Structure formats: structure tokens, C-alpha cells
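Text of run26.json (JSON, C-alpha atoms) as supplied:
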[["chain", "number", "residue", "atom", "x", "y", "z"],
["A", 1, "MET", "CA", 10.91, 13.42, -8.86],
["A", 2, "ALA", "CA", 8.21, 13.32, -6.18],
["A", 3, "GLY", "CA", 5.72, 11.96, -8.72],
["A", 4, "GLU", "CA", 8.07, 9.11, -9.63],
["A", 5, "ARG", "CA", 8.57, 8.22, -5.96],
["A", 6, "THR", "CA", 4.81, 8.23, -5.37],
["A", 7, "ALA", "CA", 4.30, 5.96, -8.38],
["A", 8, "ARG", "CA", 6.95, 3.51, -7.07],
["A", 9, "VAL", "CA", 5.32, 3.42, -3.63],
["A", 10, "TRP", "CA", 1.86, 2.76, -5.10],
["A", 11, "ALA", "CA", 3.31, 0.06, -7.37],
["A", 12, "ARG", "CA", 4.77, -1.71, -4.33],
["A", 13, "ILE", "CA", 1.48, -1.45, -2.45],
["A", 14, "ALA", "CA", -0.39, -2.82, -5.49],
["A", 15, "ALA", "CA", 2.10, -5.71, -5.73],
["A", 16, "ALA", "CA", 1.42, -6.58, -2.07],
["A", 17, "HIS", "CA", -2.35, -6.44, -2.62],
["A", 18, "GLU", "CA", -4.28, -9.68, -2.14],
["A", 19, "GLY", "CA", -7.90, -10.24, -3.16],
["A", 20, "ASP", "CA", -10.33, -8.43, -5.42],
["A", 21, "GLY", "CA", -11.05, -5.36, -3.28],
["A", 22, "PRO", "CA", -9.27, -2.01, -3.43],
["A", 23, "GLU", "CA", -5.75, -1.59, -2.08],
["A", 24, "SER", "CA", -5.90, -1.57, 1.68],
["A", 25, "LEU", "CA", -3.98, -0.69, 4.80],
["A", 26, "ALA", "CA", -3.13, -4.39, 5.06],
["A", 27, "ALA", "CA", -1.45, -4.21, 1.62],
["A", 28, "LEU", "CA", 0.44, -1.12, 2.80],
["A", 29, "CYS", "CA", 1.73, -3.03, 5.85],
["A", 30, "ARG", "CA", 2.75, -6.03, 3.73],
["A", 31, "ALA", "CA", 4.55, -3.75, 1.26],
["A", 32, "ALA", "CA", 6.40, -2.02, 4.09],
["A", 33, "VAL", "CA", 7.61, -5.32, 5.53],
["A", 34, "ARG", "CA", 8.78, -6.54, 2.11],
["A", 35, "CYS", "CA", 10.43, -3.32, 0.95],
["A", 36, "LEU", "CA", 11.96, -2.12, 4.19],
["A", 37, "GLY", "CA", 13.24, -5.45, 5.47],
["A", 38, "VAL", "CA", 11.55, -5.07, 8.85],
["A", 39, "ASP", "CA", 9.84, -7.70, 11.00],
["A", 40, "GLY", "CA", 6.49, -5.92, 11.13],
["A", 41, "ALA", "CA", 4.62, -2.74, 10.24],
["A", 42, "GLY", "CA", 1.58, -0.93, 11.52],
["A", 43, "VAL", "CA", -0.60, 2.04, 10.60],
["A", 44, "THR", "CA", -1.97, 4.35, 13.26],
["A", 45, "ALA", "CA", -4.23, 7.36, 12.69],
["A", 46, "THR", "CA", -3.46, 10.40, 14.78],
["A", 47, "SER", "CA", -4.99, 13.79, 15.40],
["A", 48, "GLY", "CA", -2.86, 15.76, 17.81],
["A", 49, "VAL", "CA", -0.86, 14.39, 20.69],
["A", 50, "MET", "CA", -3.56, 12.39, 22.46],
["A", 51, "ALA", "CA", -5.90, 11.17, 19.70],
["A", 52, "ARG", "CA", -4.35, 7.98, 18.28],
["A", 53, "GLU", "CA", -5.96, 4.83, 16.95],
["A", 54, "PRO", "CA", -4.09, 1.78, 15.61],
["A", 55, "LEU", "CA", -5.78, 0.84, 12.31],
["A", 56, "CYS", "CA", -3.85, -2.07, 10.85],
["A", 57, "ALA", "CA", -0.76, -4.20, 11.39],
["A", 58, "SER", "CA", 1.15, -6.78, 9.40],
["A", 59, "ASP", "CA", 0.68, -9.51, 12.04],
["A", 60, "ASP", "CA", -0.73, -10.18, 15.51],
["A", 61, "LEU", "CA", 2.49, -9.32, 17.35],
["A", 62, "CYS", "CA", 2.81, -5.98, 15.59],
["A", 63, "ALA", "CA", -0.86, -5.22, 16.34],
["A", 64, "ARG", "CA", -0.29, -5.93, 20.05],
["A", 65, "LEU", "CA", 2.82, -3.73, 20.08],
["A", 66, "GLU", "CA", 0.96, -0.88, 18.34],
["A", 67, "GLU", "CA", -1.85, -1.05, 20.89],
["A", 68, "LEU", "CA", 0.51, -1.46, 23.86],
["A", 69, "GLN", "CA", 2.62, 1.59, 23.17],
["A", 70, "PHE", "CA", -0.42, 3.87, 23.09],
["A", 71, "THR", "CA", -2.03, 2.20, 26.09],
["A", 72, "ILE", "CA", 1.03, 2.65, 28.31],
["A", 73, "GLY", "CA", 2.32, 5.84, 26.70],
["A", 74, "GLU", "CA", 5.76, 4.45, 25.87],
["A", 75, "GLY", "CA", 7.50, 3.13, 22.78],
["A", 76, "PRO", "CA", 8.83, 4.31, 19.45],
["A", 77, "GLY", "CA", 5.44, 5.21, 17.95],
["A", 78, "GLY", "CA", 4.90, 8.23, 20.18],
["A", 79, "GLN", "CA", 8.36, 9.49, 19.37],
["A", 80, "ASP", "CA", 7.65, 9.04, 15.64],
["A", 81, "PHE", "CA", 4.69, 11.40, 15.93],
["A", 82, "ALA", "CA", 6.61, 13.92, 18.02],
["A", 83, "PHE", "CA", 9.54, 14.17, 15.60],
["A", 84, "GLY", "CA", 7.76, 13.38, 12.32],
["A", 85, "ALA", "CA", 10.23, 10.64, 11.42],
["A", 86, "PRO", "CA", 10.60, 6.94, 12.19],
["A", 87, "THR", "CA", 12.41, 5.89, 15.34],
["A", 88, "LEU", "CA", 14.71, 3.07, 14.31],
["A", 89, "ILE", "CA", 15.62, 0.70, 17.13],
["A", 90, "PRO", "CA", 17.40, -2.45, 15.94],
["A", 91, "ASP", "CA", 17.04, -4.20, 19.32],
["A", 92, "LEU", "CA", 14.42, -3.20, 21.89],
["A", 93, "GLU", "CA", 16.61, -4.43, 24.76],
["A", 94, "SER", "CA", 18.88, -1.45, 24.05],
["A", 95, "ALA", "CA", 15.93, 0.89, 24.71],
["A", 96, "ALA", "CA", 14.99, -0.53, 28.13],
["A", 97, "ALA", "CA", 16.10, 2.60, 29.97],
["A", 98, "ARG", "CA", 14.15, 4.79, 27.54],
["A", 99, "TRP", "CA", 10.86, 2.82, 27.62],
["A", 100, "PRO", "CA", 11.08, 0.43, 30.59],
["A", 101, "VAL", "CA", 7.40, -0.62, 30.68],
["A", 102, "PHE", "CA", 7.13, -1.07, 26.90],
["A", 103, "VAL", "CA", 10.33, -3.13, 26.68]]
As C-alpha cells - that is how I would like this structure written.
Amino acid sequence: MAGERTARVWARIAAAHEGDGPESLAALCRAAVRCLGVDGAGVTATSGVMAREPLCASDDLCARLEELQFTIGEGPGGQDFAFGAPTLIPDLESAAARWPVFV
């Protein structure tokens, strides 16, 4: 089962690949946007609570949001790392009390 899921994920990343180089983080972000029906996607490397580095994003807005949430210490990304699962917020306005500076 897990092997089949992994193969499907890699197939989607390969389908989103552009160019002649190896699959990339950019292809991963494009695949996430296409398959998940989201507006944007980003990849951030982390090592512990404080060591985080945004690596790639699907577009300029997503890249700015990735950087902003780690710069100000607010936003869904930090919560993702804390709980090990995505924080799904359909409308950021609804999270203004939770992350006032980020929103």
C-alpha cells in the first residue's frame, strides 16, 4: 500500500516536471498545487524548532508568505511543524485573532 502511494506521488511530481534536469522542489510545489487544489505551495527545511529555511515556492506570493511567517514567528507553517500535520485555513481573515501580525 505505502509503495503504491509513493509511486503515485512520484508520478505526479514527474508529470509536473519542466525542463531536462532532475525532478526538483519546484516540480513538487507545482504538483501540490495541481493535485491538492490549493492556491500555492511551499517547501521549507527544518531542523528543530528554530532552524527553518524556506527552499521553494510555487509563486512569488507563496514565497513571500513562507518567508514572512518565519520572520515574524506567526502563521500556519509553524503550527504544521509543531503538530506534524498541515494546518488548513480556508480564509486567513478567520485566523486574524490567532496570527494578527501574519494576517
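Counting from CA of Arg52 (chain A), the distance to CA of Val101 (chain A) is 19.1 Å.
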Polymer residues at most 10 Å from Glu66 (chain A), all atoms listed in the file, same-chain spacing of 5 or more positions, as number ranges by chain:
A: 41-44, 53-57, 60-61, 71, 75-77
Could you tell me how far CA of Arg64 (chain A) sits from CA of Arg30 (chain A), in Å to one decimal place?
16.6 Å
Neighbour list for Ala15 (chain A) as a VMD selection string, cut-off 12 Å, only C-alpha atoms, skip fewer than 5 positions in-chain
chain A and resid 8 to 10 23 to 24 27 to 32 34 to 35
Could you give me, as CSV, every region 22-61 of chain A residue with an atom at most 12 Å from region 88-96 of chain A, plus its closest atom pair and distance in Å to one decimal, counting all atoms listed in the file, rows ordered by chain then number?
residue,atom,partner,partner_atom,distance
A:Leu36,CA,A:Leu88,CA,11.7
A:Gly37,CA,A:Pro90,CA,11.7
A:Val38,CA,A:Pro90,CA,9.6
A:Asp39,CA,A:Pro90,CA,10.4
Quick one: of A:Val103, A:Ala97, A:Gly84, A:Ala51, who's nearest to Leu68 (chain A), counting all atoms listed in the file?
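Smallest distance to Leu68 (chain A) is found for A:Val103.
For the atom pair formed by CA of Phe81 (chain A) and CA of Ala63 (chain A), the distance is 17.5 Å, given to one decimal.
Closest approach to Thr46 (chain A) from the set A:Ile72, A:Leu65, A:Ile13, A:Ala82 is made by A:Ala82, with distances taken over all atoms listed in the file.
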